[in-house]
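Trainee: Have a look at this one before I ask anything.
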Amino acid sequence: MEKVNLMISKEDINKRLEEIASLINEEFKDEEVILVCILKGSIYIMCDISQHLTMPVTIDFMSVSSYGDKTESSGRVRIIKDLDEDIEGKNVIIVEDIIDSGRTLSYLTDLLKARRPKKLKICTLLDKPDRRVSGCILKVDYVGFVIEDKFVVGYGMDYAQKYRNLPYIGALEL
Ligand code: IMP
Ligand code: MG
């Protein structure tokens, strides 16, 4: 049985997400924004951030394949569920739980940019920049916390589909 060590508390997560929401409020003012939640890991983050936004907000969901039951990225990205709505001419913010190799978001930003949104921004709760693979260098607009290279769970993030419901972020000890 694996062990989970507390890394970031619920209080610190909530405070940081509120700060990020303020930055988004400043940047977009009263313009409409579509939040794109990348399932399943980003659901908790999207719920929290969205409630602090003051402009008209709609939400949409995408699901892409990632890790399976391992802690290493397969390197392949596949769409399992696409957006319901057209994003052409709209302000779009991709809400992600964590950026690791950068493959998922490189793929997604290319895909969504091709649909010609007005603005396309990336928001992630966590970033592990040391893990980035070449060719996946991204401009990330809103980052919650930069963390070292550890596998983390909680606040939406899983290990073999477990631990998503933890109200904090913990480092997994296998
Ligand atoms: P990337 O394509 O390698 O950047 O991986 C991105 C996706 O892998 C994230 O959206 C997560 O769903 C998952 N992931 C990456 N690192 C972790 C981790 O430490 N814990 C849980 N999931 C992770
Ligand atoms: Mg994710």
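Numbering starts fresh at 1 for the residues of each chain in the structure tokens, the chains themselves are lettered A, B, ... in the order given, and ligands are numbered from 1 as they appear.
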Write out as a PDB file with all heavy atoms, in the first residue's frame which residues come within 10 Å of A:Ile147 when counting only C-alpha atoms, dropping same-chain ones fewer than 4 positions away.
Mentor:
```pdb
ATOM      1  N   MET A   7       1.778  17.785   0.855  1.00  0.00           N
ATOM      2  CA  MET A   7       2.688  18.709   0.175  1.00  0.00           C
ATOM      3  C   MET A   7       2.111  20.125   0.159  1.00  0.00           C
ATOM      4  O   MET A   7       2.784  21.081   0.512  1.00  0.00           O
ATOM      5  CB  MET A   7       2.923  18.216  -1.251  1.00  0.00           C
ATOM      6  CG  MET A   7       4.023  18.906  -1.985  1.00  0.00           C
ATOM      7  SD  MET A   7       4.042  18.351  -3.691  1.00  0.00           S
ATOM      8  CE  MET A   7       5.725  17.943  -3.902  1.00  0.00           C
ATOM      9  N   ILE A  98      -1.944  19.594 -13.771  1.00  0.00           N
ATOM     10  CA  ILE A  98      -0.483  19.577 -13.644  1.00  0.00           C
ATOM     11  C   ILE A  98       0.160  19.433 -15.023  1.00  0.00           C
ATOM     12  O   ILE A  98      -0.362  18.736 -15.882  1.00  0.00           O
ATOM     13  CB  ILE A  98      -0.055  18.427 -12.687  1.00  0.00           C
ATOM     14  CG1 ILE A  98       1.463  18.394 -12.482  1.00  0.00           C
ATOM     15  CG2 ILE A  98      -0.561  17.069 -13.144  1.00  0.00           C
ATOM     16  CD1 ILE A  98       1.893  17.561 -11.280  1.00  0.00           C
ATOM     17  N   LEU A 126      -0.444  23.048 -10.933  1.00  0.00           N
ATOM     18  CA  LEU A 126       0.943  22.666 -10.653  1.00  0.00           C
ATOM     19  C   LEU A 126       1.758  22.601 -11.939  1.00  0.00           C
ATOM     20  O   LEU A 126       1.233  22.294 -13.007  1.00  0.00           O
ATOM     21  CB  LEU A 126       0.988  21.283  -9.988  1.00  0.00           C
ATOM     22  CG  LEU A 126       0.231  21.107  -8.671  1.00  0.00           C
ATOM     23  CD1 LEU A 126       0.370  19.671  -8.188  1.00  0.00           C
ATOM     24  CD2 LEU A 126       0.741  22.074  -7.614  1.00  0.00           C
ATOM     25  N   ASP A 127       3.054  22.863 -11.785  1.00  0.00           N
ATOM     26  CA  ASP A 127       3.968  22.735 -12.911  1.00  0.00           C
ATOM     27  C   ASP A 127       5.243  22.055 -12.422  1.00  0.00           C
ATOM     28  O   ASP A 127       5.778  22.404 -11.372  1.00  0.00           O
ATOM     29  CB  ASP A 127       4.298  24.138 -13.475  1.00  0.00           C
ATOM     30  CG  ASP A 127       5.087  24.053 -14.785  1.00  0.00           C
ATOM     31  OD1 ASP A 127       5.239  22.939 -15.322  1.00  0.00           O
ATOM     32  OD2 ASP A 127       5.544  25.108 -15.257  1.00  0.00           O
ATOM     33  N   LYS A 128       5.679  21.047 -13.184  1.00  0.00           N
ATOM     34  CA  LYS A 128       6.957  20.370 -12.893  1.00  0.00           C
ATOM     35  C   LYS A 128       7.897  20.653 -14.065  1.00  0.00           C
ATOM     36  O   LYS A 128       8.080  19.813 -14.938  1.00  0.00           O
ATOM     37  CB  LYS A 128       6.737  18.850 -12.795  1.00  0.00           C
ATOM     38  CG  LYS A 128       5.992  18.380 -11.559  1.00  0.00           C
ATOM     39  CD  LYS A 128       6.140  16.873 -11.334  1.00  0.00           C
ATOM     40  CE  LYS A 128       5.084  16.078 -12.032  1.00  0.00           C
ATOM     41  NZ  LYS A 128       4.999  14.659 -11.580  1.00  0.00           N
ATOM     42  N   PRO A 129       8.473  21.877 -14.107  1.00  0.00           N
ATOM     43  CA  PRO A 129       9.260  22.278 -15.292  1.00  0.00           C
ATOM     44  C   PRO A 129      10.461  21.379 -15.575  1.00  0.00           C
ATOM     45  O   PRO A 129      10.870  21.250 -16.731  1.00  0.00           O
ATOM     46  CB  PRO A 129       9.699  23.715 -14.965  1.00  0.00           C
ATOM     47  CG  PRO A 129       9.448  23.912 -13.526  1.00  0.00           C
ATOM     48  CD  PRO A 129       8.427  22.930 -13.086  1.00  0.00           C
ATOM     49  N   ASP A 130      11.018  20.742 -14.524  1.00  0.00           N
ATOM     50  CA  ASP A 130      12.185  19.873 -14.734  1.00  0.00           C
ATOM     51  C   ASP A 130      11.866  18.662 -15.601  1.00  0.00           C
ATOM     52  O   ASP A 130      12.771  18.004 -16.112  1.00  0.00           O
ATOM     53  CB  ASP A 130      12.724  19.355 -13.384  1.00  0.00           C
ATOM     54  CG  ASP A 130      13.257  20.482 -12.526  1.00  0.00           C
ATOM     55  OD1 ASP A 130      13.475  21.584 -13.082  1.00  0.00           O
ATOM     56  OD2 ASP A 130      13.438  20.265 -11.317  1.00  0.00           O
ATOM     57  N   PHE A 151       5.797  12.530  -7.881  1.00  0.00           N
ATOM     58  CA  PHE A 151       4.456  12.174  -8.344  1.00  0.00           C
ATOM     59  C   PHE A 151       3.471  12.562  -7.257  1.00  0.00           C
ATOM     60  O   PHE A 151       3.593  12.147  -6.107  1.00  0.00           O
ATOM     61  CB  PHE A 151       4.355  10.682  -8.667  1.00  0.00           C
ATOM     62  CG  PHE A 151       3.131  10.393  -9.473  1.00  0.00           C
ATOM     63  CD1 PHE A 151       3.136  10.568 -10.858  1.00  0.00           C
ATOM     64  CD2 PHE A 151       1.951   9.999  -8.857  1.00  0.00           C
ATOM     65  CE1 PHE A 151       1.982  10.341 -11.602  1.00  0.00           C
ATOM     66  CE2 PHE A 151       0.795   9.780  -9.601  1.00  0.00           C
ATOM     67  CZ  PHE A 151       0.815   9.948 -10.975  1.00  0.00           C
ATOM     68  N   VAL A 152       2.490  13.381  -7.627  1.00  0.00           N
ATOM     69  CA  VAL A 152       1.553  13.905  -6.632  1.00  0.00           C
ATOM     70  C   VAL A 152       0.125  13.422  -6.899  1.00  0.00           C
ATOM     71  O   VAL A 152      -0.227  13.092  -8.042  1.00  0.00           O
ATOM     72  CB  VAL A 152       1.577  15.451  -6.598  1.00  0.00           C
ATOM     73  CG1 VAL A 152       2.905  15.953  -6.068  1.00  0.00           C
ATOM     74  CG2 VAL A 152       1.297  16.045  -7.974  1.00  0.00           C
TER      75      VAL A 152
END
```
Trainee: List all protein, DNA and RNA residues that have at least one atom no more than 9 Å from any atom of ligand 1, counting only C-alpha atoms and all ligand atoms, and write them as a PyMOL selection string.
Mentor: chain A and resi 38-42+64-67+71-77+96-107+124+126-128+131-133+136+149-154+156-159+171-172
Trainee: Only C-alpha atoms, please: the residues just picked out, written as a CSV table (one decimal), in the first residue's frame.
Mentor:
```csv
chain,number,residue,atom,x,y,z
A,38,ILE,CA,-9.3,18.7,-18.9
A,39,LEU,CA,-10.9,15.6,-17.4
A,40,LYS,CA,-10.7,14.2,-14.9
A,41,GLY,CA,-7.9,15.8,-12.9
A,42,SER,CA,-9.0,19.4,-13.3
A,64,VAL,CA,-7.6,13.0,-23.4
A,65,SER,CA,-5.6,9.9,-22.7
A,66,SER,CA,-2.7,10.2,-20.4
A,67,TYR,CA,-1.0,7.9,-17.9
A,71,THR,CA,3.5,7.2,-13.2
A,72,GLU,CA,5.2,7.7,-16.6
A,73,SER,CA,3.6,9.4,-19.6
A,74,SER,CA,3.1,7.1,-22.6
A,75,GLY,CA,4.0,9.9,-24.9
A,76,ARG,CA,0.8,9.5,-26.9
A,77,VAL,CA,-2.1,11.9,-26.7
A,96,GLU,CA,-5.2,21.8,-16.2
A,97,ASP,CA,-4.2,20.1,-13.0
A,98,ILE,CA,-0.5,19.6,-13.6
A,99,ILE,CA,2.0,20.0,-16.5
A,100,ASP,CA,4.7,17.3,-16.5
A,101,SER,CA,6.3,16.4,-19.9
A,102,GLY,CA,4.2,19.1,-21.5
A,103,ARG,CA,3.0,16.7,-24.2
A,104,THR,CA,-0.7,16.9,-23.4
A,105,LEU,CA,-0.8,20.7,-23.4
A,106,SER,CA,1.4,21.1,-26.5
A,107,TYR,CA,-1.0,18.8,-28.3
A,124,THR,CA,-2.5,25.0,-14.3
A,126,LEU,CA,0.9,22.7,-10.7
A,127,ASP,CA,4.0,22.7,-12.9
A,128,LYS,CA,7.0,20.4,-12.9
A,131,ARG,CA,10.2,17.2,-16.5
A,132,ARG,CA,9.5,19.0,-19.7
A,133,VAL,CA,10.6,17.2,-22.9
A,136,CYS,CA,7.0,20.8,-25.5
A,149,ASP,CA,9.9,16.2,-9.7
A,150,LYS,CA,7.6,14.1,-7.5
A,151,PHE,CA,4.5,12.2,-8.3
A,152,VAL,CA,1.6,13.9,-6.6
A,153,VAL,CA,-2.1,13.0,-5.9
A,154,GLY,CA,-5.2,14.7,-4.6
A,156,GLY,CA,-8.3,15.8,-8.6
A,157,MET,CA,-5.1,14.1,-9.4
A,158,ASP,CA,-4.9,10.3,-9.3
A,159,TYR,CA,-2.6,7.3,-9.0
A,171,ALA,CA,3.4,13.3,-2.7
A,172,LEU,CA,3.0,9.6,-3.4
```
Trainee: Counting only C-alpha atoms, what is within 10 Å of A:Lys113, bar same-chain residues fewer than 6 positions away, as number ranges by chain?
Mentor: A: 87-88, 92, 119-120
Trainee: Include N, CA, C and O atoms and write out the residues we just selected as an mmCIF file, in the first residue's frame.
Mentor:
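Result file is part_23.cif:
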```
data_model
loop_
_atom_site.group_PDB
_atom_site.id
_atom_site.type_symbol
_atom_site.label_atom_id
_atom_site.label_comp_id
_atom_site.auth_asym_id
_atom_site.auth_seq_id
_atom_site.Cartn_x
_atom_site.Cartn_y
_atom_site.Cartn_z
ATOM 1 N N ILE A 87 -15.280 27.191 -30.442
ATOM 2 C CA ILE A 87 -14.535 28.229 -29.708
ATOM 3 C C ILE A 87 -14.031 29.351 -30.612
ATOM 4 O O ILE A 87 -13.325 30.250 -30.149
ATOM 5 N N GLU A 88 -14.397 29.328 -31.871
ATOM 6 C CA GLU A 88 -13.912 30.357 -32.792
ATOM 7 C C GLU A 88 -14.318 31.752 -32.306
ATOM 8 O O GLU A 88 -15.483 32.009 -31.986
ATOM 9 N N VAL A 92 -10.662 31.640 -24.481
ATOM 10 C CA VAL A 92 -10.628 30.283 -23.933
ATOM 11 C C VAL A 92 -9.493 30.159 -22.926
ATOM 12 O O VAL A 92 -8.370 30.602 -23.184
ATOM 13 N N LYS A 119 -8.624 34.502 -27.834
ATOM 14 C CA LYS A 119 -7.435 34.339 -26.990
ATOM 15 C C LYS A 119 -7.439 32.914 -26.464
ATOM 16 O O LYS A 119 -8.505 32.372 -26.158
ATOM 17 N N LEU A 120 -6.245 32.335 -26.325
ATOM 18 C CA LEU A 120 -6.141 31.001 -25.728
ATOM 19 C C LEU A 120 -5.104 31.070 -24.613
ATOM 20 O O LEU A 120 -3.937 31.367 -24.860
#
```
Trainee: Point out the residue among A:Thr58, A:Ser63, A:Ser9, A:Ser22 with the least atom-to-atom distance to ligand 2, counting only C-alpha atoms and all ligand atoms.
Mentor: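 Smallest distance to ligand 2 is found for A:Ser63.
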Trainee: Would you please extract all helix (DSSP H, G or I) residues from stretch 14-170 of chain A, as assigned by DSSP on the backbone, and give them as a PyMOL selection string?
Mentor: chain A and resi 14-28+43-50+103-113+129-131
Trainee: Take the selection from the previous step and output its residues with C-alpha atoms, as a PDB file, in the first residue's frame.
Mentor:
```pdb
ATOM      1  CA  ASN A  14      -7.710  27.781  -2.138  1.00  0.00           C
ATOM      2  CA  LYS A  15      -5.758  30.970  -1.485  1.00  0.00           C
ATOM      3  CA  ARG A  16      -3.656  30.524  -4.613  1.00  0.00           C
ATOM      4  CA  LEU A  17      -6.654  29.707  -6.817  1.00  0.00           C
ATOM      5  CA  GLU A  18      -8.356  32.857  -5.567  1.00  0.00           C
ATOM      6  CA  GLU A  19      -5.259  34.880  -6.517  1.00  0.00           C
ATOM      7  CA  ILE A  20      -5.227  33.319  -9.981  1.00  0.00           C
ATOM      8  CA  ALA A  21      -8.933  34.084 -10.397  1.00  0.00           C
ATOM      9  CA  SER A  22      -8.189  37.756  -9.590  1.00  0.00           C
ATOM     10  CA  LEU A  23      -5.522  37.824 -12.317  1.00  0.00           C
ATOM     11  CA  ILE A  24      -8.024  36.372 -14.793  1.00  0.00           C
ATOM     12  CA  ASN A  25     -10.640  38.930 -13.684  1.00  0.00           C
ATOM     13  CA  GLU A  26      -8.138  41.721 -14.310  1.00  0.00           C
ATOM     14  CA  GLU A  27      -7.084  40.404 -17.693  1.00  0.00           C
ATOM     15  CA  PHE A  28     -10.542  39.750 -19.127  1.00  0.00           C
ATOM     16  CA  ILE A  43     -12.543  19.224 -12.058  1.00  0.00           C
ATOM     17  CA  TYR A  44     -11.804  20.393  -8.521  1.00  0.00           C
ATOM     18  CA  ILE A  45      -9.610  23.259  -9.732  1.00  0.00           C
ATOM     19  CA  MET A  46     -12.144  24.381 -12.295  1.00  0.00           C
ATOM     20  CA  CYS A  47     -14.973  24.405  -9.722  1.00  0.00           C
ATOM     21  CA  ASP A  48     -12.876  26.521  -7.352  1.00  0.00           C
ATOM     22  CA  ILE A  49     -11.520  29.016  -9.880  1.00  0.00           C
ATOM     23  CA  SER A  50     -14.821  29.479 -11.708  1.00  0.00           C
ATOM     24  CA  ARG A 103       2.962  16.677 -24.221  1.00  0.00           C
ATOM     25  CA  THR A 104      -0.731  16.893 -23.357  1.00  0.00           C
ATOM     26  CA  LEU A 105      -0.838  20.678 -23.393  1.00  0.00           C
ATOM     27  CA  SER A 106       1.380  21.070 -26.469  1.00  0.00           C
ATOM     28  CA  TYR A 107      -0.998  18.842 -28.333  1.00  0.00           C
ATOM     29  CA  LEU A 108      -4.105  20.544 -26.948  1.00  0.00           C
ATOM     30  CA  THR A 109      -2.934  24.093 -27.550  1.00  0.00           C
ATOM     31  CA  ASP A 110      -2.068  23.286 -31.186  1.00  0.00           C
ATOM     32  CA  LEU A 111      -5.435  21.640 -31.637  1.00  0.00           C
ATOM     33  CA  LEU A 112      -7.440  24.467 -30.057  1.00  0.00           C
ATOM     34  CA  LYS A 113      -5.420  27.244 -31.718  1.00  0.00           C
ATOM     35  CA  PRO A 129       9.260  22.278 -15.292  1.00  0.00           C
ATOM     36  CA  ASP A 130      12.185  19.873 -14.734  1.00  0.00           C
ATOM     37  CA  ARG A 131      10.194  17.155 -16.471  1.00  0.00           C
TER      38      ARG A 131
END
```
Trainee: Can you list, as an NGL selection string, every protein, DNA or RNA residue that comes within 7 Å of A:Met62 when you count only C-alpha atoms, leaving out same-chain residues fewer than 5 positions away?
Mentor: :A and (36-39 or 81-83)
Trainee: Those residues you just picked out, can you put them in a file as a short mmCIF file (atom, residue, chain, number, x, y, z; two decimals), in the first residue's frame with N, CA and C atoms?
Mentor:
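The result, written out as part14.cif:
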```
data_model
loop_
_atom_site.label_atom_id
_atom_site.label_comp_id
_atom_site.auth_asym_id
_atom_site.auth_seq_id
_atom_site.Cartn_x
_atom_site.Cartn_y
_atom_site.Cartn_z
N VAL A 36 -12.07 25.59 -20.21
CA VAL A 36 -12.00 24.22 -20.72
C VAL A 36 -11.31 23.35 -19.68
N CYS A 37 -12.10 22.49 -19.08
CA CYS A 37 -11.61 21.61 -18.02
C CYS A 37 -11.10 20.32 -18.66
N ILE A 38 -9.86 19.97 -18.37
CA ILE A 38 -9.31 18.72 -18.90
C ILE A 38 -9.59 17.61 -17.89
N LEU A 39 -10.49 16.72 -18.29
CA LEU A 39 -10.95 15.64 -17.39
C LEU A 39 -9.84 14.61 -17.18
N LYS A 81 -12.85 12.70 -25.43
CA LYS A 81 -14.06 13.53 -25.54
C LYS A 81 -13.65 14.92 -25.98
N ASP A 82 -14.28 15.41 -27.04
CA ASP A 82 -13.96 16.75 -27.54
C ASP A 82 -14.92 17.77 -26.92
N LEU A 83 -14.65 19.05 -27.15
CA LEU A 83 -15.51 20.12 -26.64
C LEU A 83 -16.91 20.01 -27.24
#
```
Trainee: Have a look at atom CA of A:Leu53 and atom CA of A:Gly170 and let me know their distance in Å, one decimal.
Mentor: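 Separation of atom CA of A:Leu53 and atom CA of A:Gly170: 26.8 Å.
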Trainee: Return the single residue from A:Met55, A:Cys123, A:Val140, A:Glu2 that is closest to ligand 2, with distances computed using only C-alpha atoms and all ligand atoms.
Mentor: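 Comparing A:Met55, A:Cys123, A:Val140, A:Glu2 against ligand 2, the winner is A:Cys123.
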Trainee: So, counting only C-alpha atoms and all ligand atoms, which residue among A:Gln161, A:Leu138, A:Glu173, A:Asn91 is closest to ligand 2?
Mentor: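 When distances to ligand 2 are compared using only C-alpha atoms and all ligand atoms, the smallest one comes from A:Gln161.
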Trainee: One number please: atom CA of A:Leu125 to atom CA of A:Arg78, in Å, one decimal.
Mentor: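 About the pair atom CA of A:Leu125 and atom CA of A:Arg78: they are 22.2 Å apart.
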Trainee: State, in Å with one decimal place, the distance from atom CA of A:Asp60 to atom CA of A:Lys10.
Mentor: 24.7 Å
Trainee: Using the chain letters and numbers from this document, which residues of chain A does DSSP assign to strand (DSSP E or B), as a ChimeraX atom specification?
Mentor: /A:3-8,33-39,57-64,79-81,91-99,119-127,142-146,152-154,157,159,162,169-173
Trainee: Of the residues A:Arg116, A:Asn165, A:Tyr155, A:Gly89, which is the one nearest to ligand 2, using only C-alpha atoms and all ligand atoms?
Mentor: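 Closest to ligand 2 of all the choices is A:Tyr155.
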Trainee: Counting only C-alpha atoms, figure out which residue out of A:Ile59, A:Ile79, A:Ile169, A:Val33 gets nearest to A:Phe145.
Mentor: A:Ile169
